[in-house]
Amino acid sequence: MTAGRVLLLVTSSSYKAEDFLSAAERLGIAVTVVSDHEGTLSDVAPGANLPVDFSDADRATSSIVDFHHEYPVRAIVAAEDEGTTLAAAASSALGLSHNPTAAVHTARRKDLFREALRDAGLPSPDFATFGVDEDPDAVAARAAAQPGFPCVVKPVSLAASRGVIRADDETQLAAAFRRVVRIAAEAEGTAEAEGTATAPGSEGAATVPGSEDATRGTSGDAARILVEEYLPGGEVALEGLLVDGELRALAVLDKPDPLEGPYFEETLFVTPSRLPAETQEAIRDTGARVARAIGLTHGPVHAEMRVNEKGVWPLEMAPRSIGGLCSRLFRFQTGLTLEELILLHATGAPIDEIASPADAPAATAPGAMASGAMMIPIPRAGSFGAVEGTDAALAVPAIEDVVISLRPGQEVVPLPEGNRYLGFIFARSADGPEAVERALREAHACLEITIE
Amino acid sequence: MIEFTEAARERMLAFFAEEEDSAGLAVRVSVTSPSPLAPAYEMSLIEAHEVEEGDERVSVDGIDLVIDPESARILPGTRIDWVDAIEGSGFKFENPNIQPLGAEPLDGPLAERVQRVIDEHINPGVAMHGGAIRLVDIRDNVVYVQMGGGCQGCGMASVTLTQGIKQVFTRMLPEIVDIQDVTDHAAGADPYFSPQK
């Protein structure tokens, strides 16, 4: 491998820092963490951390270029959505392999994504976009004509089902529109606050100032609401890695819980998929066509799709790996984690041998194991107290781990407003995906969640 | 080098008795994890052809034991008991060579140097986020620390450890080969950063 550092772009609210850093350590790859806060030990650990403002991509790119002169950079990896625009821009400035910035922008904007798919002749739900300051009743009346009912209302730029609400008539749509506008505004305010202000309780934790919202496009772009046709059917996820513009499908993941609204909380991911082989092939093929349509060429992608009798409908494709801690469900050849695979690819290592589809018989270790993760739903709003029963959950056969990611006293809000996971349950079994799903549900039933 | 309690010896002999032909059988004893965080052992009946080159063979209370070289280095003085409990039954190893972390007071020049690095170069930094690092133990030049205050449960604790604490030790005390975080992060009541979607 060539010398130089990998820049790992993570926000201070990331779930993924630990897994990426552990992966880098196991692989012997030197990493600099590029984050939205000043590392507490930056003064005594030069080159290990670089604070930037993710929302000011131009200025952050300049910081990375300057950093590169002192500490040569060989790859830039964004752990989550917030860093993808900067990763593309900075990679371009340094001449490193990465996705085109325009493609990342398209992937992160649901309206642009829909347009790109439609232009490429890919299946896409009918849709219309509206400004946040438009009259909700007027929006409902116009949406009744296009896209019609039932429909789904969502901000163009939020992820993880946040602010996504189904509406079956004009009354519901007007109410949903008002609510989604509030959620989008709150998210926008939070992002700006995190991007420009000091974190609570610490004058020494100042981040780089600047408020231009490049993390979601511009503020104006982000302030739009998408209303699109509701697609019936099951939902799947596709995890992949783009290598020289070609999609290597790593796994098709079933989402066994029905996602029919009014909110769309993701809970279960299970692989290998139990869909027919030809359907899975169609999902992989659709993923490759989506990447080409929006111009993504390099690195990890996570796509969500609906599957019904009319075919495979791509909903989104993000230029990053699966969210939260869910990547822990994957094991690739020789036991590699998804983060190790991503870092190996980023540093130019050949990955053909190790990036076999995770549901191929030879791809998992040991043997052809099924695996899955449950993102534990937040049952209601309040102050998180505790989770009892984790020992019982861990004792369920096939359960590998239970991770509670909230702290006592933390305020929690369920979807569609919420932006945290309560925790994760992981399972792995040689008895197939049914056994994994069963174990995850059984383990979840063991948990007693206290929210006051 | 290894001692069986009477309960453990009886249980071992019962396992032998369950075999149709126990002639030539031995017990392989191995340390599968020497970590002081979670030491793990394994015992299994093996046949003569499963003894490998380099294995040590000893007889304890009439029971033939086979021990791989690495385990043989760690097992001297170990007492093996059999316990029956609600949560499960099994052999219990009491190994004086794998003490719980922090069991002994830390002293000596290395401990002093490590503590000085923590006091002078690490804690002033993490204190900006209301955090503090406590030295728990040093074993085989591996330093074990606990993170407290704002670091306990913090979403960026792994960054502080990997990109801060480890970097500082690499520069200032290169004889330290690793830093292990033994914090119960789930119990952190006031983490500085909390993860979000």
# chains A, B, ... in the order shown; residues from 1 in each chain; ligands from 1
$ residues_around --residues "range 149-152 of chain A" --least-positions-apart "6" --cutoff "12 Å" --atoms "only C-alpha atoms" --output "mmCIF file with C-alpha atoms, in the first residue's frame"
data_model
loop_
_atom_site.group_PDB
_atom_site.id
_atom_site.type_symbol
_atom_site.label_atom_id
_atom_site.label_comp_id
_atom_site.auth_asym_id
_atom_site.auth_seq_id
_atom_site.Cartn_x
_atom_site.Cartn_y
_atom_site.Cartn_z
ATOM 1 C CA PRO A 125 -42.770 7.084 -7.928
ATOM 2 C CA ASP A 126 -44.660 10.072 -9.258
ATOM 3 C CA PHE A 127 -43.813 13.122 -7.177
ATOM 4 C CA ALA A 128 -44.043 16.873 -6.707
ATOM 5 C CA THR A 129 -42.041 19.280 -4.544
ATOM 6 C CA ALA A 140 -52.861 19.170 -0.301
ATOM 7 C CA ALA A 141 -55.218 20.256 -3.056
ATOM 8 C CA ARG A 142 -52.438 20.290 -5.655
ATOM 9 C CA ALA A 143 -50.978 17.007 -4.473
ATOM 10 C CA SER A 161 -37.045 7.856 7.773
ATOM 11 C CA GLY A 163 -39.871 13.302 8.791
ATOM 12 C CA VAL A 164 -41.472 10.704 6.509
ATOM 13 C CA ILE A 165 -45.275 10.493 6.853
ATOM 14 C CA ARG A 166 -47.947 8.785 4.792
ATOM 15 C CA ALA A 167 -51.160 10.621 3.934
ATOM 16 C CA ASP A 168 -54.298 9.070 2.480
ATOM 17 C CA ASP A 169 -56.353 12.185 1.854
ATOM 18 C CA GLU A 170 -56.125 15.962 1.724
ATOM 19 C CA THR A 171 -56.769 16.449 5.429
ATOM 20 C CA GLN A 172 -54.010 14.048 6.394
ATOM 21 C CA LEU A 173 -51.683 15.567 3.836
ATOM 22 C CA ALA A 174 -52.139 19.100 5.075
ATOM 23 C CA ALA A 176 -48.473 15.878 7.555
ATOM 24 C CA PHE A 177 -47.083 18.776 5.536
ATOM 25 C CA VAL A 180 -42.770 17.720 8.143
ATOM 26 C CA ILE A 225 -40.806 19.077 0.835
ATOM 27 C CA LEU A 226 -41.313 16.107 -1.426
ATOM 28 C CA VAL A 227 -44.758 14.577 -1.850
ATOM 29 C CA GLU A 228 -44.613 11.318 -3.714
ATOM 30 C CA GLU A 229 -46.797 8.398 -4.645
ATOM 31 C CA TYR A 230 -46.982 5.729 -1.940
ATOM 32 C CA LEU A 231 -45.599 2.461 -3.247
ATOM 33 C CA PRO A 232 -47.118 -0.680 -1.767
ATOM 34 C CA LEU A 259 -43.442 -0.405 6.266
ATOM 35 C CA GLU A 260 -46.870 0.904 5.372
ATOM 36 C CA GLY A 261 -47.050 4.101 7.387
ATOM 37 C CA PRO A 262 -48.163 6.448 8.686
ATOM 38 C CA TYR A 263 -44.485 6.460 9.800
ATOM 39 C CA PHE A 264 -41.707 4.345 8.387
ATOM 40 C CA LEU A 315 -36.241 4.819 -3.147
#
$ closest_atom_pairs --of "chain B" --to "chain A" --cutoff "9 Å" --atoms "only C-alpha atoms" --output "JSON lines"
{"residue": "B:His121", "atom": "CA", "partner": "A:Val44", "partner_atom": "CA", "distance": 7.0}
{"residue": "B:Ile122", "atom": "CA", "partner": "A:Leu41", "partner_atom": "CA", "distance": 6.8}
{"residue": "B:Asn123", "atom": "CA", "partner": "A:Leu41", "partner_atom": "CA", "distance": 9.0}
{"residue": "B:Pro124", "atom": "CA", "partner": "A:Leu41", "partner_atom": "CA", "distance": 8.7}
{"residue": "B:Gly125", "atom": "CA", "partner": "A:Thr40", "partner_atom": "CA", "distance": 5.1}
{"residue": "B:Val126", "atom": "CA", "partner": "A:Thr40", "partner_atom": "CA", "distance": 5.3}
{"residue": "B:Ala127", "atom": "CA", "partner": "A:Thr40", "partner_atom": "CA", "distance": 8.2}
{"residue": "B:Met128", "atom": "CA", "partner": "A:Gly204", "partner_atom": "CA", "distance": 6.1}
{"residue": "B:His129", "atom": "CA", "partner": "A:Ser202", "partner_atom": "CA", "distance": 6.2}
{"residue": "B:Gly130", "atom": "CA", "partner": "A:Ser202", "partner_atom": "CA", "distance": 8.2}
{"residue": "B:Gly153", "atom": "CA", "partner": "A:Arg407", "partner_atom": "CA", "distance": 7.5}
{"residue": "B:Gly155", "atom": "CA", "partner": "A:Ser13", "partner_atom": "CA", "distance": 6.4}
{"residue": "B:Met156", "atom": "CA", "partner": "A:Ser12", "partner_atom": "CA", "distance": 6.2}
{"residue": "B:Ala157", "atom": "CA", "partner": "A:Glu18", "partner_atom": "CA", "distance": 8.1}
{"residue": "B:Ser158", "atom": "CA", "partner": "A:Glu18", "partner_atom": "CA", "distance": 5.2}
{"residue": "B:Val159", "atom": "CA", "partner": "A:Ala17", "partner_atom": "CA", "distance": 6.8}
{"residue": "B:Thr160", "atom": "CA", "partner": "A:Thr40", "partner_atom": "CA", "distance": 7.0}
{"residue": "B:Thr162", "atom": "CA", "partner": "A:Leu21", "partner_atom": "CA", "distance": 7.2}
{"residue": "B:Gln163", "atom": "CA", "partner": "A:Ala48", "partner_atom": "CA", "distance": 5.3}
{"residue": "B:Gly164", "atom": "CA", "partner": "A:Leu41", "partner_atom": "CA", "distance": 5.1}
{"residue": "B:Ile165", "atom": "CA", "partner": "A:Leu41", "partner_atom": "CA", "distance": 7.5}
{"residue": "B:Lys166", "atom": "CA", "partner": "A:Ala45", "partner_atom": "CA", "distance": 8.8}
{"residue": "B:Gln167", "atom": "CA", "partner": "A:Ala45", "partner_atom": "CA", "distance": 5.6}
{"residue": "B:Val168", "atom": "CA", "partner": "A:Ala45", "partner_atom": "CA", "distance": 5.8}
{"residue": "B:Arg171", "atom": "CA", "partner": "A:Ala45", "partner_atom": "CA", "distance": 8.4}
{"residue": "B:Ala186", "atom": "CA", "partner": "A:Arg407", "partner_atom": "CA", "distance": 6.8}
{"residue": "B:Ala187", "atom": "CA", "partner": "A:Arg407", "partner_atom": "CA", "distance": 7.2}
{"residue": "B:Gly188", "atom": "CA", "partner": "A:Arg407", "partner_atom": "CA", "distance": 6.6}
{"residue": "B:Ala189", "atom": "CA", "partner": "A:Pro408", "partner_atom": "CA", "distance": 6.3}
{"residue": "B:Asp190", "atom": "CA", "partner": "A:Arg407", "partner_atom": "CA", "distance": 8.0}
{"residue": "B:Pro191", "atom": "CA", "partner": "A:Arg407", "partner_atom": "CA", "distance": 8.1}
{"residue": "B:Tyr192", "atom": "CA", "partner": "A:Pro200", "partner_atom": "CA", "distance": 8.2}
{"residue": "B:Phe193", "atom": "CA", "partner": "A:Ser13", "partner_atom": "CA", "distance": 6.3}
{"residue": "B:Ser194", "atom": "CA", "partner": "A:Ser13", "partner_atom": "CA", "distance": 5.7}
{"residue": "B:Pro195", "atom": "CA", "partner": "A:Ser13", "partner_atom": "CA", "distance": 4.1}
{"residue": "B:Gln196", "atom": "CA", "partner": "A:Arg420", "partner_atom": "CA", "distance": 4.6}
{"residue": "B:Lys197", "atom": "CA", "partner": "A:Asn419", "partner_atom": "CA", "distance": 5.2}
$ closest_residue --among "A:Gly4, A:Pro414, A:Asp285, A:Glu400" --to "Phe384 in chain A" --atoms "only C-alpha atoms"
A:Pro414
$ atom_distance --atom1 "CA of Glu316 in chain A" --atom2 "CA of Val236 in chain A"
11.2 Å
$ residues_around --residues "Ala318 in chain A" --least-positions-apart "4" --cutoff "6 Å" --atoms "only C-alpha atoms" --output "PyMOL selection string"
chain A and resi 107+301-302
$ residues_around --residues "Arg28 in chain B" --least-positions-apart "3" --cutoff "8 Å" --atoms "only C-alpha atoms" --output "ChimeraX atom specification"
/B:42-46,65-67
$ write_last_selection --atoms "C-alpha atoms" --output "PDB file, in the first residue's frame"
ATOM      1  CA  GLU B  42     -11.331 -24.705  27.694  1.00  0.00           C
ATOM      2  CA  MET B  43     -11.229 -28.349  28.767  1.00  0.00           C
ATOM      3  CA  SER B  44     -11.923 -31.253  26.465  1.00  0.00           C
ATOM      4  CA  LEU B  45     -11.321 -34.982  26.300  1.00  0.00           C
ATOM      5  CA  ILE B  46      -8.871 -35.927  23.584  1.00  0.00           C
ATOM      6  CA  LEU B  65      -3.562 -33.466  31.238  1.00  0.00           C
ATOM      7  CA  VAL B  66      -2.306 -32.168  27.880  1.00  0.00           C
ATOM      8  CA  ILE B  67      -1.368 -28.503  27.753  1.00  0.00           C
TER       9      ILE B  67
END
$ select_by_dssp --residues "range 275-400 of chain A" --states "alpha helix (DSSP H)" --output "PyMOL selection string"
chain A and resi 277-294+338-346+390-395
$ residues_around --residues "Glu175 in chain B" --least-positions-apart "5" --cutoff "10 Å" --atoms "only C-alpha atoms" --output "list in words"
Leu110, Asn141, Val142, Phe169 and Thr170 of chain B
$ residues_around --residues "Gly148 in chain B" --least-positions-apart "5" --cutoff "8 Å" --atoms "only C-alpha atoms" --output "PyMOL selection string"
chain B and resi 131-134+183+188
$ write_last_selection --atoms "C-alpha atoms" --output "mmCIF file, in the first residue's frame"
data_model
loop_
_atom_site.group_PDB
_atom_site.id
_atom_site.type_symbol
_atom_site.label_atom_id
_atom_site.label_comp_id
_atom_site.auth_asym_id
_atom_site.auth_seq_id
_atom_site.Cartn_x
_atom_site.Cartn_y
_atom_site.Cartn_z
ATOM 1 C CA GLY B 131 -13.708 14.170 31.238
ATOM 2 C CA ALA B 132 -10.968 12.403 33.146
ATOM 3 C CA ILE B 133 -8.807 9.358 32.473
ATOM 4 C CA ARG B 134 -7.909 7.009 35.321
ATOM 5 C CA THR B 183 -14.807 1.802 30.862
ATOM 6 C CA GLY B 188 -22.081 7.051 31.558
#
$ residues_around --residues "Ile183 in chain A" --least-positions-apart "4" --cutoff "7 Å" --atoms "only C-alpha atoms" --output "number ranges by chain"
A: 163, 179, 187, 417
$ atom_distance --atom1 "CA of Ala75 in chain A" --atom2 "CA of Ala349 in chain A"
11.8 Å
